[in-house]
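**Q** See upload.cif below, with mmCIF, C-alpha atoms.
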```
data_run
#
loop_
_atom_site.label_atom_id
_atom_site.label_comp_id
_atom_site.auth_asym_id
_atom_site.auth_seq_id
_atom_site.Cartn_x
_atom_site.Cartn_y
_atom_site.Cartn_z
CA MET A 1 -55.59 -123.04 82.70
CA ASP A 2 -54.81 -121.07 85.85
CA ILE A 3 -51.28 -119.97 86.70
CA ASN A 4 -50.52 -119.73 90.40
CA ILE A 5 -46.85 -119.11 91.20
CA LYS A 6 -45.25 -118.60 94.60
CA ILE A 7 -41.77 -117.17 95.01
CA ILE A 8 -40.21 -117.68 98.42
CA GLY A 9 -37.26 -115.34 98.93
CA LEU A 10 -36.81 -112.00 97.18
CA GLY A 11 -33.06 -111.67 97.54
CA GLY A 12 -30.52 -111.81 94.74
CA ILE A 13 -32.05 -114.79 92.94
CA GLY A 14 -35.68 -113.91 93.64
CA THR A 15 -35.42 -110.37 92.31
CA MET A 16 -33.71 -111.61 89.14
CA LEU A 17 -36.57 -114.03 88.63
CA THR A 18 -39.62 -111.84 89.14
CA GLY A 19 -39.20 -109.51 86.15
CA PRO A 20 -38.69 -112.03 83.30
CA LEU A 21 -41.15 -114.47 84.85
CA SER A 22 -43.80 -111.76 85.15
CA ARG A 23 -43.24 -110.62 81.58
CA TYR A 24 -43.59 -114.19 80.29
CA ILE A 25 -46.70 -114.93 82.35
CA GLN A 26 -48.31 -111.63 81.35
CA TYR A 27 -48.56 -112.92 77.81
CA MET A 28 -49.41 -116.56 78.56
CA ARG A 29 -52.90 -117.80 77.81
CA ALA A 30 -54.56 -118.45 81.14
CA SER A 31 -57.87 -117.66 82.77
CA GLU A 32 -56.21 -116.45 85.96
CA LYS A 33 -52.61 -115.44 86.63
CA CYS A 34 -51.47 -115.03 90.19
CA MET A 35 -48.00 -114.51 91.67
CA THR A 36 -47.38 -114.48 95.41
CA PHE A 37 -44.13 -113.17 96.88
CA ILE A 38 -43.05 -114.34 100.33
CA ASP A 39 -40.22 -112.76 102.31
CA GLY A 40 -39.83 -111.39 105.82
CA ASP A 41 -36.82 -109.24 104.97
CA ALA A 42 -36.54 -105.56 104.11
CA PHE A 43 -34.38 -104.14 101.32
CA GLU A 44 -31.03 -102.78 102.50
CA PHE A 45 -28.73 -100.43 100.57
CA LYS A 46 -25.78 -102.77 101.09
CA ASN A 47 -27.47 -105.21 98.69
CA GLN A 48 -28.12 -102.69 95.93
CA ASP A 49 -25.28 -104.18 93.85
CA ARG A 50 -27.43 -107.31 93.34
CA GLN A 51 -31.00 -106.47 94.22
CA ASP A 52 -33.34 -104.12 92.40
CA PHE A 53 -35.93 -102.31 94.52
CA LEU A 54 -37.32 -98.85 93.78
CA GLU A 55 -38.14 -98.08 97.39
CA MET A 56 -37.38 -99.15 100.92
CA GLY A 57 -39.60 -101.54 102.80
CA ASN A 58 -40.44 -105.22 102.97
CA LYS A 59 -39.12 -106.89 99.82
CA ALA A 60 -42.22 -108.95 99.06
CA ALA A 61 -44.55 -105.99 99.42
CA VAL A 62 -42.36 -103.54 97.49
CA LYS A 63 -41.73 -105.91 94.58
CA ALA A 64 -45.41 -106.88 94.32
CA ARG A 65 -46.34 -103.19 94.16
CA GLU A 66 -43.70 -102.39 91.54
CA LEU A 67 -44.65 -105.22 89.20
CA SER A 68 -48.41 -104.79 89.55
CA GLU A 69 -48.02 -101.38 87.92
CA ILE A 70 -46.27 -102.90 84.91
CA PHE A 71 -48.01 -106.25 84.42
CA GLN A 72 -51.68 -105.58 84.91
CA ASP A 73 -52.95 -108.99 83.81
CA ILE A 74 -51.28 -110.60 86.83
CA ILE A 75 -52.70 -110.56 90.37
CA TYR A 76 -49.81 -109.93 92.79
CA GLU A 77 -50.02 -110.83 96.45
CA ASP A 78 -47.40 -110.54 99.13
CA ILE A 79 -46.73 -112.25 102.44
CA SER A 80 -44.29 -110.16 104.45
CA GLU A 81 -43.07 -113.01 106.63
CA TYR A 82 -40.31 -115.58 106.63
CA VAL A 83 -41.59 -119.10 106.04
CA THR A 84 -41.60 -120.94 109.38
CA LEU A 85 -43.11 -124.11 110.81
CA GLY A 86 -45.83 -121.88 112.24
CA ASN A 87 -47.05 -120.48 108.92
CA ILE A 88 -45.95 -122.93 106.23
CA GLU A 89 -49.31 -124.69 106.08
CA SER A 90 -51.07 -121.41 105.32
CA ILE A 91 -48.51 -120.42 102.68
CA ILE A 92 -47.94 -123.60 100.64
CA ASN A 93 -50.89 -125.54 99.26
CA ASP A 94 -51.35 -128.75 97.34
CA GLY A 95 -50.92 -128.11 93.62
CA ASP A 96 -48.66 -125.05 94.01
CA PHE A 97 -45.78 -124.15 91.68
CA ILE A 98 -43.06 -122.82 93.97
CA PHE A 99 -39.78 -121.08 93.29
CA LEU A 100 -37.58 -121.41 96.39
CA CYS A 101 -34.99 -118.63 96.27
CA VAL A 102 -33.83 -118.54 99.90
CA ASP A 103 -30.31 -118.13 101.21
CA ASN A 104 -30.17 -120.90 103.79
CA HIS A 105 -30.44 -124.68 103.89
CA ALA A 106 -32.58 -124.64 107.02
CA THR A 107 -35.50 -123.16 105.05
CA ARG A 108 -34.81 -125.47 102.10
CA LYS A 109 -35.01 -128.44 104.47
CA MET A 110 -38.23 -127.20 106.07
CA VAL A 111 -39.96 -126.57 102.74
CA SER A 112 -38.71 -129.87 101.27
CA ASP A 113 -40.00 -131.87 104.24
CA TYR A 114 -43.38 -130.13 104.12
CA VAL A 115 -44.09 -130.47 100.40
CA ARG A 116 -43.29 -134.19 100.53
CA ARG A 117 -46.50 -134.57 102.53
CA LEU A 118 -48.59 -133.07 99.73
CA ASP A 119 -49.97 -135.04 96.78
CA ASN A 120 -49.04 -132.60 94.02
CA ILE A 121 -46.26 -130.02 94.01
CA ILE A 122 -43.68 -128.48 91.73
CA LEU A 123 -40.74 -127.05 93.65
CA ILE A 124 -37.88 -125.32 91.84
CA SER A 125 -35.08 -124.57 94.31
CA GLY A 126 -31.96 -122.59 93.50
CA GLY A 127 -28.85 -121.63 95.39
CA ASN A 128 -25.33 -120.48 94.72
CA GLU A 129 -21.88 -119.81 96.05
CA TYR A 130 -19.80 -116.96 94.61
CA THR A 131 -19.30 -118.21 91.03
CA ASN A 132 -21.19 -121.50 90.89
CA GLY A 133 -24.54 -122.90 91.89
CA ASN A 134 -27.34 -125.33 91.17
CA VAL A 135 -31.06 -125.65 90.59
CA GLN A 136 -33.06 -128.61 91.86
CA ILE A 137 -36.43 -129.59 90.43
CA TYR A 138 -38.73 -131.57 92.71
CA ILE A 139 -41.99 -132.79 91.23
CA ARG A 140 -44.57 -134.76 93.14
CA LYS A 141 -47.66 -136.04 91.38
CA GLU A 142 -50.65 -137.88 92.82
CA GLY A 143 -48.71 -138.79 95.93
CA SER A 144 -45.58 -140.11 94.14
CA ASP A 145 -42.18 -138.53 93.64
CA ILE A 146 -41.36 -137.94 89.98
CA THR A 147 -37.92 -136.49 90.78
CA PRO A 148 -35.78 -136.73 93.94
CA THR A 149 -36.45 -134.51 96.94
CA LEU A 150 -34.10 -131.64 97.74
CA THR A 151 -32.54 -133.67 100.55
CA ALA A 152 -32.25 -137.09 98.86
CA TYR A 153 -28.70 -136.55 97.61
CA HIS A 154 -27.74 -133.50 99.68
CA PRO A 155 -26.87 -134.25 103.31
CA GLU A 156 -25.98 -130.58 103.79
CA ILE A 157 -29.68 -129.76 103.24
CA GLU A 158 -30.95 -132.80 105.18
CA ARG A 159 -28.84 -131.72 108.18
CA PRO A 160 -28.43 -127.95 107.76
CA GLU A 161 -25.83 -126.14 109.79
CA ASP A 162 -27.36 -122.70 109.17
CA LYS A 163 -30.57 -121.19 110.52
CA ASN A 164 -33.93 -120.01 109.27
CA PRO A 165 -33.81 -116.17 109.30
CA ALA A 166 -36.79 -116.12 111.66
CA ASP A 167 -34.57 -117.83 114.23
CA MET A 168 -31.62 -115.47 113.83
CA SER A 169 -30.63 -112.49 115.96
CA CYS A 170 -30.25 -109.00 114.47
CA GLU A 171 -26.49 -109.43 114.58
CA GLU A 172 -26.68 -112.70 112.72
CA LEU A 173 -29.06 -111.22 110.15
CA ALA A 174 -26.70 -108.31 109.54
CA GLN A 175 -23.89 -110.65 108.57
CA SER A 176 -23.84 -111.72 104.97
CA GLU A 177 -21.26 -113.07 102.59
CA PRO A 178 -20.63 -111.33 99.28
CA GLN A 179 -22.38 -112.66 96.19
CA LEU A 180 -21.96 -112.02 92.48
CA ILE A 181 -24.93 -110.61 90.58
CA PHE A 182 -24.17 -112.75 87.53
CA THR A 183 -24.32 -115.90 89.65
CA ASN A 184 -27.72 -114.96 91.05
CA LEU A 185 -28.84 -114.20 87.49
CA THR A 186 -27.68 -117.60 86.24
CA VAL A 187 -29.61 -119.43 88.96
CA ALA A 188 -32.72 -117.39 88.09
CA THR A 189 -32.24 -118.13 84.40
CA ILE A 190 -32.04 -121.88 84.93
CA MET A 191 -35.13 -121.71 87.15
CA CYS A 192 -36.89 -120.02 84.21
CA TRP A 193 -35.72 -122.88 81.96
CA ALA A 194 -37.44 -125.29 84.36
CA PHE A 195 -40.64 -123.22 84.37
CA TYR A 196 -40.72 -123.08 80.57
CA THR A 197 -40.01 -126.81 80.23
CA ILE A 198 -42.71 -127.82 82.67
CA MET A 199 -45.42 -125.24 81.99
CA THR A 200 -45.07 -124.58 78.27
CA LEU A 201 -43.39 -127.67 76.84
CA LYS A 202 -45.33 -129.87 79.30
CA VAL A 203 -42.24 -132.00 79.90
CA GLU A 204 -41.27 -133.36 83.31
CA PRO A 205 -37.47 -132.99 83.43
CA THR A 206 -36.70 -136.39 84.93
CA THR A 207 -33.36 -136.57 83.12
CA SER A 208 -32.28 -133.19 84.45
CA SER A 209 -33.69 -132.94 87.96
CA GLU A 210 -30.62 -131.01 89.07
CA ILE A 211 -28.60 -128.58 87.00
CA TYR A 212 -25.16 -127.34 88.02
CA PHE A 213 -23.26 -124.40 86.59
CA ASP A 214 -19.85 -122.86 87.06
CA ILE A 215 -19.14 -119.37 85.74
CA GLU A 216 -15.37 -119.78 86.05
CA THR A 217 -15.31 -122.76 83.70
CA MET A 218 -18.34 -121.56 81.70
CA SER A 219 -20.00 -124.92 82.23
CA VAL A 220 -23.55 -126.08 82.73
CA ARG A 221 -24.38 -129.74 83.45
CA PRO A 222 -27.76 -131.35 84.05
CA THR A 223 -27.85 -134.57 86.02
CA ALA A 224 -30.40 -137.32 86.44
CA ARG A 225 -30.83 -139.27 89.68
CA LEU A 226 -33.30 -141.91 90.78
CA THR A 227 -36.10 -140.99 93.16
CA LYS A 228 -35.18 -143.89 95.44
CA SER A 229 -31.46 -143.96 96.31
CA MET B 1 16.71 -139.21 83.90
CA ASN B 2 18.25 -141.38 86.62
CA ALA B 3 18.16 -140.80 90.38
CA LYS B 4 21.51 -139.02 90.47
CA GLU B 5 20.43 -136.60 87.77
CA MET B 6 17.16 -135.97 89.60
CA ARG B 7 19.01 -135.06 92.81
CA GLU B 8 21.00 -132.47 90.89
CA CYS B 9 17.75 -130.70 89.90
CA THR B 10 16.00 -128.13 92.05
CA VAL B 11 12.72 -128.99 93.78
CA LYS B 12 10.96 -126.63 91.41
CA GLU B 13 12.42 -128.44 88.38
CA LEU B 14 11.44 -131.82 89.80
CA LYS B 15 7.89 -130.73 90.48
CA SER B 16 7.68 -129.38 86.96
CA ILE B 17 8.60 -132.86 85.71
CA CYS B 18 5.90 -134.34 87.94
CA LYS B 19 3.40 -132.04 86.30
CA GLU B 20 4.54 -133.04 82.82
CA GLU B 21 4.25 -136.71 83.77
CA GLY B 22 0.66 -136.18 84.92
CA LEU B 23 1.41 -137.09 88.51
CA THR B 24 -0.64 -135.82 91.46
CA GLY B 25 -0.06 -135.32 95.16
CA TYR B 26 3.45 -133.94 94.83
CA SER B 27 2.99 -130.27 95.71
CA LYS B 28 3.74 -130.68 99.42
CA LEU B 29 6.49 -133.30 99.16
CA THR B 30 10.14 -132.79 100.09
CA LYS B 31 12.85 -133.10 97.44
CA ASP B 32 13.69 -136.69 98.44
CA GLU B 33 10.01 -137.64 98.32
CA VAL B 34 9.58 -136.11 94.87
CA VAL B 35 12.65 -137.98 93.60
CA ALA B 36 11.24 -141.22 95.00
CA LYS B 37 7.90 -140.54 93.32
CA LEU B 38 9.54 -139.92 89.94
CA ILE B 39 11.67 -143.05 90.26
CA ALA B 40 8.58 -145.11 91.08
CA ASN B 41 6.80 -143.58 88.11
CA ASN B 42 9.68 -144.49 85.79
CA ARG B 43 9.59 -148.08 87.01
CA LYS B 44 5.84 -148.34 86.45
CA LYS B 45 6.17 -146.95 82.95
CA THR B 46 8.77 -149.59 82.21
CA ARG B 47 6.55 -152.37 83.58
CA GLN B 48 3.53 -151.14 81.66
CA SER B 49 5.33 -151.11 78.38
CA LYS B 50 5.85 -154.83 78.83
CA ALA B 51 2.48 -156.00 80.14
CA SER B 52 -1.29 -155.20 79.88
CA ILE B 53 -3.40 -154.48 82.96
CA ALA B 54 -6.39 -156.82 83.59
CA PRO B 55 -9.58 -155.41 85.15
CA ALA B 56 -10.49 -156.29 88.77
CA SER B 57 -13.30 -158.83 89.10
CA GLY B 58 -16.29 -158.83 91.48
CA SER B 59 -17.87 -155.97 93.37
CA GLY B 60 -17.35 -155.00 96.99
CA THR B 61 -13.57 -155.38 96.78
CA THR B 62 -10.90 -152.75 96.55
CA PRO B 63 -8.18 -153.52 94.03
CA ALA B 64 -4.59 -152.73 94.97
CA SER B 65 -3.50 -149.23 94.06
CA LYS B 66 -1.93 -149.07 90.63
CA GLY B 67 -0.47 -145.59 90.81
CA PRO B 68 -1.35 -142.23 89.25
CA LEU B 69 -4.47 -141.67 87.20
CA LYS B 70 -2.84 -142.24 83.84
CA ASP B 71 -1.82 -145.73 84.99
CA MET B 72 -5.40 -146.66 85.79
CA SER B 73 -6.35 -147.87 82.34
CA CYS B 74 -8.51 -150.93 82.15
CA GLU B 75 -8.02 -152.90 79.00
CA MET B 76 -10.83 -155.19 77.96
CA GLU B 77 -10.07 -157.78 75.37
CA SER B 78 -12.53 -157.84 72.51
CA HIS B 79 -13.57 -161.44 72.00
CA LYS B 80 -14.24 -160.94 68.33
CA THR B 81 -11.07 -159.30 67.19
CA GLY B 82 -8.72 -160.01 70.12
CA SER B 83 -7.78 -156.32 70.16
CA LYS B 84 -7.51 -154.44 73.44
CA VAL B 85 -9.87 -151.50 74.01
CA GLU B 86 -9.44 -148.96 76.81
CA THR B 87 -12.74 -148.48 78.65
CA MET B 88 -13.54 -144.92 79.65
CA ILE B 89 -16.06 -143.96 82.30
CA THR B 90 -17.76 -140.58 82.60
CA VAL B 91 -17.02 -139.02 85.99
CA SER B 92 -18.60 -135.74 87.03
CA CYS B 93 -18.81 -133.34 89.93
CA GLY B 94 -20.94 -130.20 89.79
CA ALA B 95 -20.62 -128.61 86.37
CA ASN B 96 -17.36 -130.44 85.63
CA SER B 97 -17.25 -133.73 83.81
CA GLY B 98 -14.86 -135.91 81.86
CA ASP B 99 -14.14 -139.41 80.58
CA PHE B 100 -11.43 -141.25 82.48
CA PRO B 101 -9.87 -144.73 82.28
CA VAL B 102 -11.11 -145.82 85.72
CA CYS B 103 -12.90 -149.05 84.87
CA GLY B 104 -12.04 -151.61 87.54
CA ARG B 105 -11.34 -148.96 90.16
CA SER B 106 -13.36 -148.32 93.31
CA VAL B 107 -15.37 -145.15 93.82
CA ALA B 108 -13.12 -144.19 96.75
CA GLU B 109 -9.97 -144.55 94.64
CA VAL B 110 -11.42 -142.43 91.86
CA SER B 111 -12.46 -139.77 94.37
CA ASP B 112 -8.92 -139.59 95.68
CA PHE B 113 -7.27 -139.48 92.27
CA LEU B 114 -9.66 -136.97 90.69
CA LYS B 115 -10.24 -134.66 93.64
CA ASP B 116 -8.02 -131.96 92.14
CA VAL B 117 -9.06 -132.50 88.53
CA LEU B 118 -12.80 -132.29 89.19
CA ASN B 119 -12.66 -130.32 92.46
CA VAL B 120 -14.29 -133.16 94.39
CA SER B 121 -15.07 -132.32 97.99
CA SER B 122 -14.00 -134.92 100.55
CA LEU B 123 -17.62 -134.91 101.72
CA ALA B 124 -19.12 -135.59 98.29
CA ASN B 125 -21.22 -138.76 97.96
CA GLY B 126 -20.58 -141.08 95.04
CA VAL B 127 -23.57 -141.85 92.80
CA VAL B 128 -23.25 -144.57 90.17
CA ASN B 129 -25.88 -144.69 87.42
CA GLY B 130 -28.11 -142.41 89.47
CA VAL B 131 -27.92 -144.47 92.67
CA LYS B 132 -25.83 -143.79 95.78
CA ALA B 133 -22.81 -146.08 95.82
CA ALA B 134 -20.40 -147.19 98.54
CA GLY B 135 -16.75 -146.20 98.29
CA SER B 136 -15.89 -149.84 97.72
CA TYR B 137 -18.05 -150.16 94.60
CA ILE B 138 -15.95 -151.26 91.64
CA LEU B 139 -16.70 -149.42 88.41
CA SER B 140 -17.45 -151.51 85.36
CA GLU B 141 -18.00 -150.81 81.69
CA GLY B 142 -21.09 -148.66 81.06
CA ASP B 143 -21.17 -147.11 84.53
CA THR B 144 -21.37 -143.36 85.05
CA LEU B 145 -20.06 -141.89 88.28
CA GLU B 146 -21.05 -138.59 89.87
CA PHE B 147 -19.63 -137.05 93.02
CA VAL B 148 -22.55 -134.96 94.26
CA LYS B 149 -21.40 -131.39 94.72
CA PRO B 150 -23.04 -129.72 97.74
CA ALA B 151 -25.95 -127.45 96.86
CA GLY B 152 -25.41 -123.71 96.70
CA SER B 153 -26.31 -122.23 100.05
CA LYS B 154 -26.78 -118.54 99.20
CA GLY B 155 -29.39 -116.69 97.18
#
```
How does the structure come out when it is put into structure tokens?
**A**
Amino acid sequence: MDINIKIIGLGGIGTMLTGPLSRYIQYMRASEKCMTFIDGDAFEFKNQDRQDFLEMGNKAAVKARELSEIFQDIIYEDISEYVTLGNIESIINDGDFIFLCVDNHATRKMVSDYVRRLDNIILISGGNEYTNGNVQIYIRKEGSDITPTLTAYHPEIERPEDKNPADMSCEELAQSEPQLIFTNLTVATIMCWAFYTIMTLKVEPTTSSEIYFDIETMSVRPTARLTKS
Amino acid sequence: MNAKEMRECTVKELKSICKEEGLTGYSKLTKDEVVAKLIANNRKKTRQSKASIAPASGSGTTPASKGPLKDMSCEMESHKTGSKVETMITVSCGANSGDFPVCGRSVAEVSDFLKDVLNVSSLANGVVNGVKAAGSYILSEGDTLEFVKPAGSKG
């Protein structure tokens, strides 16, 4: 078995994900283990309360370098670009296992629309507000949807009001709303649950294709929806 | 407490009574409006103690409003024993979920009544048994209702 993981977005959620995921994959039985990090952003000190980088520079490149020194059974690659319509075909391939950890619905929409055209894909997408969030699991197999797309029940993703970072000005990029590290961590944790369920337990989570959580009420709730609504 | 006694209470005291009675939608009302709401609630309680409420029949119709959430019980008569059983339906939004006596109510009515309890956004779509449902859909025994919470935008 080969393991080929792609993580799009190395912000609060992405950086929480890479360490535990790498440690787990390091000790999995597989002939080849590859993790690719994709992000066009650079680490900024203002995000140090949530994001863990040992040096300045592009997030994908820095994190790939850091982890390759610790987990030497894994081949790390980095793509120091935002995912756009111009490069998505070269980044995402049929059969990929993708963690989508971006901070905007515009990119979620773009990735969701693209992977629907592929025959086989596993897309784990996470997002949060300050103290609550959700993880969506989209699985497509041999040209058929096993679970709903990211947009099927979410009009705010189908018709995003925000922008892809590649389309934003420097001023727009500098603006960011505060986030809570524990919320990012919870999203990353649930994404790891999905990875474990699918890759190790070999179970397709059709009865929990979306998982919500709320830190304030200490609640977690999986939900099942039909692929055709 | 009769109307005269209610008018002798402060607004704060009246709203506290509303809370104890399980009423909703009173926080922004004037004193007269709160008194009227409590009087109406007392009358409904009196009526309910004398009669059972039958479920609405057929889908695609919106039954007449029956008042606050706790008055929305739907009693189904068991054919075997003749006893009346209150039918609860699981309603959820995001990580929050609960069982409520909303059988026979439309999705739109339930959204309005539970918006504060479950923090339902006015933009949330209703999904019944995993399928998108119109606001006019009438809930029946065995249904589960979810108001789809918008996805987290940040990361």
**Q** Under the PyMOL selection byres ((chain B and resi 143-152) around 7), which residues of this model are included? Write them out as a list in words.
**A**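 This file, filtered by the PyMOL selection byres ((chain B and resi 143-152) around 7), leaves Gly127, Asn128, Glu129, Gly133, Asn134, His154 and Glu156 of chain A; Ile89, Thr90, Val91, Ser92, Cys93, Gly94, Val120, Ala124, Asn125, Gly126, Val127, Val128, Asn129, Leu139, Ser140, Glu141, Gly142, Ser153 and Lys154 of chain B.
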**Q** Write out as a tab-separated table a residue-level contact list of chain A versus chain B with cut-off 9 Å: for each qualifying residue the closest pair of atoms and the distance in Å to one decimal, counting only C-alpha atoms, rows sorted by chain and residue number upward.
**A**
```
residue	atom	partner	partner_atom	distance
A:Gly9	CA	B:Gly155	CA	8.2
A:Leu10	CA	B:Gly155	CA	8.8
A:Gly11	CA	B:Gly155	CA	6.2
A:Gly12	CA	B:Gly155	CA	5.6
A:Ile13	CA	B:Gly155	CA	5.4
A:Gly14	CA	B:Gly155	CA	7.7
A:Cys101	CA	B:Gly155	CA	6.0
A:Val102	CA	B:Gly155	CA	5.5
A:Asp103	CA	B:Lys154	CA	4.1
A:Asn104	CA	B:Ser153	CA	5.5
A:His105	CA	B:Ser153	CA	6.1
A:Gly126	CA	B:Gly152	CA	7.4
A:Gly127	CA	B:Gly152	CA	4.2
A:Asn128	CA	B:Gly152	CA	3.8
A:Glu129	CA	B:Gly152	CA	5.3
A:Tyr130	CA	B:Lys154	CA	8.5
A:Asn132	CA	B:Gly152	CA	7.5
A:Gly133	CA	B:Gly152	CA	5.0
A:Asn134	CA	B:Gly152	CA	6.1
A:Val135	CA	B:Ala151	CA	8.3
A:Gln136	CA	B:Ala151	CA	8.8
A:Tyr153	CA	B:Val148	CA	7.2
A:His154	CA	B:Pro150	CA	6.3
A:Pro155	CA	B:Pro150	CA	8.1
A:Glu156	CA	B:Pro150	CA	6.8
A:Ile157	CA	B:Ala151	CA	7.7
A:Glu177	CA	B:Lys154	CA	8.5
A:Gln179	CA	B:Lys154	CA	7.9
A:Asn184	CA	B:Gly155	CA	6.6
A:Val187	CA	B:Gly155	CA	8.7
A:Ile211	CA	B:Ala95	CA	8.0
A:Tyr212	CA	B:Ala95	CA	5.0
A:Phe213	CA	B:Ala95	CA	5.0
A:Asp214	CA	B:Ala95	CA	5.8
A:Thr217	CA	B:Asn96	CA	8.2
A:Met218	CA	B:Ala95	CA	8.8
A:Ser219	CA	B:Ala95	CA	5.6
A:Val220	CA	B:Ala95	CA	5.3
A:Arg221	CA	B:Ala95	CA	4.9
A:Pro222	CA	B:Ala95	CA	8.0
A:Thr223	CA	B:Gly130	CA	8.6
A:Ala224	CA	B:Gly130	CA	6.4
A:Arg225	CA	B:Gly130	CA	4.2
A:Leu226	CA	B:Gly130	CA	5.4
A:Thr227	CA	B:Val131	CA	8.9
A:Lys228	CA	B:Val131	CA	7.8
A:Ser229	CA	B:Val131	CA	5.1
```
**Q** Nearest to Leu38 of chain B among B:Ser136, B:Asn119, B:Ser111, B:Thr24, with distances taken over all atoms listed in the file: which residue is it?
**A**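 For Leu38 of chain B, the nearest of the given residues is B:Thr24.
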**Q** Taking the file above as input, evaluate the PyMOL selection byres ((chain A and resi 79) around 10) and report the hits as an mmCIF file with C-alpha atoms, keeping the file's coordinate frame.
**A**
```
data_model
loop_
_atom_site.group_PDB
_atom_site.id
_atom_site.type_symbol
_atom_site.label_atom_id
_atom_site.label_comp_id
_atom_site.auth_asym_id
_atom_site.auth_seq_id
_atom_site.Cartn_x
_atom_site.Cartn_y
_atom_site.Cartn_z
ATOM 1 C CA ILE A 8 -40.210 -117.680 98.420
ATOM 2 C CA THR A 36 -47.380 -114.480 95.410
ATOM 3 C CA PHE A 37 -44.130 -113.170 96.880
ATOM 4 C CA ILE A 38 -43.050 -114.340 100.330
ATOM 5 C CA ASP A 39 -40.220 -112.760 102.310
ATOM 6 C CA GLY A 40 -39.830 -111.390 105.820
ATOM 7 C CA ASN A 58 -40.440 -105.220 102.970
ATOM 8 C CA LYS A 59 -39.120 -106.890 99.820
ATOM 9 C CA ALA A 60 -42.220 -108.950 99.060
ATOM 10 C CA ALA A 61 -44.550 -105.990 99.420
ATOM 11 C CA ALA A 64 -45.410 -106.880 94.320
ATOM 12 C CA GLU A 77 -50.020 -110.830 96.450
ATOM 13 C CA ASP A 78 -47.400 -110.540 99.130
ATOM 14 C CA SER A 80 -44.290 -110.160 104.450
ATOM 15 C CA GLU A 81 -43.070 -113.010 106.630
ATOM 16 C CA TYR A 82 -40.310 -115.580 106.630
ATOM 17 C CA VAL A 83 -41.590 -119.100 106.040
ATOM 18 C CA ILE A 91 -48.510 -120.420 102.680
#
```
**Q** Enter the distance from atom CA of Lys37 of chain B to atom CA of Leu118 of chain B, in Å, rounded to one decimal.
**A**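 If I compute the distance from atom CA of Lys37 of chain B to atom CA of Leu118 of chain B, I get 22.7 Å.
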**Q** For the structure provided, state which residues fall under the PyMOL selection byres ((chain A and resi 23) around 12), and present them as a VMD selection string.
**A** chain A and resid 17 to 22 24 to 28 33 35 67 to 68 70 to 74 192
**Q** Give me a file of those residues, with C-alpha atoms, as a short mmCIF file (atom, residue, chain, number, x, y, z; two decimals), in the coordinates of the input.
**A**
```cif
data_model
loop_
_atom_site.label_atom_id
_atom_site.label_comp_id
_atom_site.auth_asym_id
_atom_site.auth_seq_id
_atom_site.Cartn_x
_atom_site.Cartn_y
_atom_site.Cartn_z
CA LEU A 17 -36.57 -114.03 88.63
CA THR A 18 -39.62 -111.84 89.14
CA GLY A 19 -39.20 -109.51 86.15
CA PRO A 20 -38.69 -112.03 83.30
CA LEU A 21 -41.15 -114.47 84.85
CA SER A 22 -43.80 -111.76 85.15
CA TYR A 24 -43.59 -114.19 80.29
CA ILE A 25 -46.70 -114.93 82.35
CA GLN A 26 -48.31 -111.63 81.35
CA TYR A 27 -48.56 -112.92 77.81
CA MET A 28 -49.41 -116.56 78.56
CA LYS A 33 -52.61 -115.44 86.63
CA MET A 35 -48.00 -114.51 91.67
CA LEU A 67 -44.65 -105.22 89.20
CA SER A 68 -48.41 -104.79 89.55
CA ILE A 70 -46.27 -102.90 84.91
CA PHE A 71 -48.01 -106.25 84.42
CA GLN A 72 -51.68 -105.58 84.91
CA ASP A 73 -52.95 -108.99 83.81
CA ILE A 74 -51.28 -110.60 86.83
CA CYS A 192 -36.89 -120.02 84.21
#
```
**Q** Counting all atoms listed in the file, what is within 8 Å of Thr206 of chain A, bar same-chain residues fewer than 3 positions away, as a PyMOL selection string?
**A** chain A and resi 146-147+209+224
**Q** Would you work out the distance separating atom CA of Gly57 of chain A from atom CA of Ser169 of chain A, expressed in Å to one decimal?
**A** 19.3 Å
